[in-house]
Structure formats: C-alpha cells, structure tokens
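Working notes, structure below.
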Amino acid sequence: METPYGVLELLLVSAEGLKHAHHLGPSVVAILFSESLMTLVASHCAHPCSSACACAGPQRHYVTIQCGELIRTSKITHGKHRKIWWNEKFRFPLSPVECRGLLAEVTLKIMERDKFSEDSLVGETRVNVGDIIREGIEREFLQMKPVPYNIVLQDGTYKGELKLGLKFLSGVRTLTS
C-alpha cells in the first residue's frame, strides 16, 4: 500500500564564529604519565580562535540533527580560517501526521569531538519548519536558500552562526508493508 507523505531536506552548509566548548580561561594542558597512574589535566588557553590555539590544536566538529523522531549525524570536520564546512544534505521522510502540523521544529546540536573525554556541546540551533511544511504542501514544493541561524550557547547567549538551506517536497509516495 502506498502512503503519501513529504520529505524535508536540510542542507548543512557551514558554521563560523563558534565558541570553543571547553573555553574556561587561561591554563595549560599537561599530560603526566607514571607506571600506575595517568593524570590528565586538560583545559585550554584563552586564545579566542580555537583553531589557531597552539595548545588546544585543531578542533573537530559535527552536528546532530533531530527531525521528529529521526536523528542524523553529520561528518566530522574542522575549520580553516575560523569557518567550518560540511556541505552535507540530509533527507527526512515525514508522515502525514507530521506534515499536518505535528512537526514544528528541527533541532541541530553543534558538537566538538574530544579525544580524551566525552564530546562537548558547543551550542544548538532550532529551526521552525512548521510554516515551511504548510506552505510546501500548498505549493507542492518549497525551497529556501541557505541562510545563517544563530547558535544558542548553554547559558542562553548567542555565539556564532550555522548556515542552513531547507527544501520541502510534498506528495512523495513510498511503499509500506
């Protein structure tokens, strides 16, 4: 049986002006080895450009994208000249219920890969897609060129931008069992 639904495509282009997830102030990274104990004292320098920071090294970032119940993860990449590039497209099939208004937003979390501990949240962006889906259903197709969205940090402030493009295709059909 065929079920009509829509497809939301998200083009993750780039990010710039990101705050370093571990930016805590001036100090030094030291790794001390002994036979029975390895102590890792890690924090990062106060240099505002983490990619140019000699003690922290290049930072590697990825994005997790939650659209309804689906979660996708981008490739891991690092920036050059304070700009990070992904140029990745993600397709999210939407059910008829999601197309009728259940899906209101997509959440993108910018993560920093850490070799020595858990990956750290840099910030997140929430994109309202309800209006895009509604208008896309009326027109059967809607595409928005990539535009920058503010990145919200854990303390509620803004730092940096994530550039995204969106496309909605209505009336796409798939086979279901």
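All residue names refer to the structure tokens as shown: chains lettered A, B, ... in order, residues numbered from 1 in each chain, ligands numbered from 1 in order.
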Which residues come within 10 Å of Gly130 (chain A), counting only C-alpha atoms, excluding same-chain residues fewer than 2 positions away, as a PDB file with C-alpha atoms, in the first residue's frame?
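Okay, this is what ended up in out.pdb:
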```pdb
ATOM      1  CA  GLU A  98       3.976  15.301  10.793  1.00  0.00           C
ATOM      2  CA  CYS A  99       3.026  17.102   7.578  1.00  0.00           C
ATOM      3  CA  ARG A 100      -0.285  18.208   9.115  1.00  0.00           C
ATOM      4  CA  GLY A 101       1.369  20.141  11.921  1.00  0.00           C
ATOM      5  CA  LEU A 102       2.878  17.744  14.427  1.00  0.00           C
ATOM      6  CA  LEU A 103       6.427  18.622  13.353  1.00  0.00           C
ATOM      7  CA  ALA A 104       7.155  22.223  14.328  1.00  0.00           C
ATOM      8  CA  GLU A 105      10.933  22.436  14.542  1.00  0.00           C
ATOM      9  CA  VAL A 106      14.241  20.774  13.765  1.00  0.00           C
ATOM     10  CA  VAL A 127      14.655  25.940  13.139  1.00  0.00           C
ATOM     11  CA  ASN A 128      10.904  26.429  12.872  1.00  0.00           C
ATOM     12  CA  ILE A 132       7.788  25.766   5.566  1.00  0.00           C
ATOM     13  CA  ILE A 133       5.916  22.439   5.571  1.00  0.00           C
ATOM     14  CA  ARG A 134       2.475  24.105   5.429  1.00  0.00           C
ATOM     15  CA  GLU A 135       3.437  26.352   2.524  1.00  0.00           C
ATOM     16  CA  GLY A 136       5.286  23.487   0.836  1.00  0.00           C
TER      17      GLY A 136
END
```
Report task. Taking the DSSP assignment computed from this structure's backbone, write out as a PyMOL selection string all residues of region 60-139 of chain A that belong to alpha helix (DSSP H). Result -> chain A and resi 96-97+130-139
If we count only C-alpha atoms and set the cut-off at 8 Å, which residues sit around region 86-90 of chain A, ignoring sequence neighbours fewer than 3 positions away in its own chain? Please answer as a CSV table (one decimal) with N, CA, C and O atoms, in the first residue's frame.
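Result file follows (result27.csv):
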```csv
chain,number,residue,atom,x,y,z
A,9,GLU,N,14.2,18.2,3.3
A,9,GLU,CA,15.7,18.2,3.0
A,9,GLU,C,16.4,19.3,3.7
A,9,GLU,O,15.9,20.5,3.7
A,10,LEU,N,17.4,19.1,4.4
A,10,LEU,CA,18.2,20.1,5.1
A,10,LEU,C,19.6,20.1,4.5
A,10,LEU,O,20.2,19.0,4.5
A,11,LEU,N,20.1,21.2,4.1
A,11,LEU,CA,21.4,21.3,3.6
A,11,LEU,C,22.2,22.0,4.7
A,11,LEU,O,22.0,23.2,4.9
A,12,LEU,N,23.1,21.3,5.3
A,12,LEU,CA,24.0,21.8,6.3
A,12,LEU,C,25.3,22.3,5.6
A,12,LEU,O,26.1,21.6,5.1
A,13,VAL,N,25.4,23.7,5.5
A,13,VAL,CA,26.5,24.3,4.7
A,13,VAL,C,27.7,24.5,5.6
A,13,VAL,O,28.8,23.9,5.3
A,14,SER,N,27.6,25.4,6.6
A,14,SER,CA,28.8,25.8,7.3
A,14,SER,C,28.5,26.4,8.7
A,14,SER,O,27.3,26.6,9.0
A,72,ARG,N,20.0,12.3,12.9
A,72,ARG,CA,21.1,12.1,11.9
A,72,ARG,C,22.3,12.8,12.4
A,72,ARG,O,22.2,13.8,13.1
A,74,SER,N,26.1,14.5,11.2
A,74,SER,CA,27.0,14.9,10.1
A,74,SER,C,28.3,14.3,10.2
A,74,SER,O,28.7,13.7,11.2
A,75,LYS,N,29.1,14.5,9.1
A,75,LYS,CA,30.5,14.1,9.2
A,75,LYS,C,31.3,15.0,10.1
A,75,LYS,O,30.8,16.1,10.5
A,77,THR,N,34.3,17.4,10.9
A,77,THR,CA,35.1,18.3,10.1
A,77,THR,C,35.8,19.3,11.0
A,77,THR,O,35.3,19.5,12.1
```
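One distance worth recording is that between CA of Arg139 (chain A) and CA of Ser170 (chain A), which is 8.1 Å.
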> CA of Gln66 (chain A) to CA of Thr107 (chain A): how many Å, to one decimal?
Replying inline: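 Going from CA of Gln66 (chain A) over to CA of Thr107 (chain A), I get 5.2 Å.
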Exercise for review: Apply DSSP to the structure's backbone, then extract all residues of region 119-151 of chain A labelled strand (DSSP E) and return them as a PyMOL selection string.
Suggested key: chain A and resi 120-128+141-151
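Within 6 Å of Leu8 (chain A), once only C-alpha atoms are used and residues closer than 5 positions along the same chain are dropped, the contacting residues are Arg91, Phe92, Lys167 and Phe168 of chain A.
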Show me, as a PDB file with N, CA and C atoms, in the first residue's frame, the residues that have an atom within 9 Å of Glu161 (chain A) when counting only C-alpha atoms, minus same-chain residues fewer than 6 positions from it.
```pdb
ATOM      1  N   SER A  14      27.637  25.383   6.580  1.00  0.00           N
ATOM      2  CA  SER A  14      28.843  25.787   7.302  1.00  0.00           C
ATOM      3  C   SER A  14      28.492  26.398   8.652  1.00  0.00           C
ATOM      4  N   ALA A  15      29.539  26.668   9.428  1.00  0.00           N
ATOM      5  CA  ALA A  15      29.405  27.386  10.691  1.00  0.00           C
ATOM      6  C   ALA A  15      30.612  28.294  10.834  1.00  0.00           C
ATOM      7  N   GLU A  16      30.394  29.407  11.515  1.00  0.00           N
ATOM      8  CA  GLU A  16      31.535  30.278  11.810  1.00  0.00           C
ATOM      9  C   GLU A  16      31.282  31.031  13.104  1.00  0.00           C
ATOM     10  N   GLY A  17      32.373  31.474  13.707  1.00  0.00           N
ATOM     11  CA  GLY A  17      32.284  32.226  14.956  1.00  0.00           C
ATOM     12  C   GLY A  17      31.925  31.361  16.146  1.00  0.00           C
ATOM     13  N   LEU A  18      32.234  30.067  16.071  1.00  0.00           N
ATOM     14  CA  LEU A  18      31.885  29.168  17.171  1.00  0.00           C
ATOM     15  C   LEU A  18      32.729  29.450  18.402  1.00  0.00           C
ATOM     16  N   THR A 125      20.875  25.095  17.538  1.00  0.00           N
ATOM     17  CA  THR A 125      20.007  25.940  16.731  1.00  0.00           C
ATOM     18  C   THR A 125      18.694  25.209  16.543  1.00  0.00           C
ATOM     19  N   PRO A 148      22.016  32.104   7.440  1.00  0.00           N
ATOM     20  CA  PRO A 148      22.602  31.850   8.759  1.00  0.00           C
ATOM     21  C   PRO A 148      21.549  31.862   9.867  1.00  0.00           C
ATOM     22  N   TYR A 149      21.704  30.942  10.814  1.00  0.00           N
ATOM     23  CA  TYR A 149      20.883  30.863  12.017  1.00  0.00           C
ATOM     24  C   TYR A 149      21.812  31.029  13.213  1.00  0.00           C
ATOM     25  N   ASN A 150      21.366  31.763  14.222  1.00  0.00           N
ATOM     26  CA  ASN A 150      22.173  31.961  15.434  1.00  0.00           C
ATOM     27  C   ASN A 150      22.351  30.652  16.186  1.00  0.00           C
ATOM     28  N   ILE A 151      23.514  30.508  16.802  1.00  0.00           N
ATOM     29  CA  ILE A 151      23.802  29.361  17.659  1.00  0.00           C
ATOM     30  C   ILE A 151      23.608  29.814  19.100  1.00  0.00           C
TER      31      ILE A 151
END
```
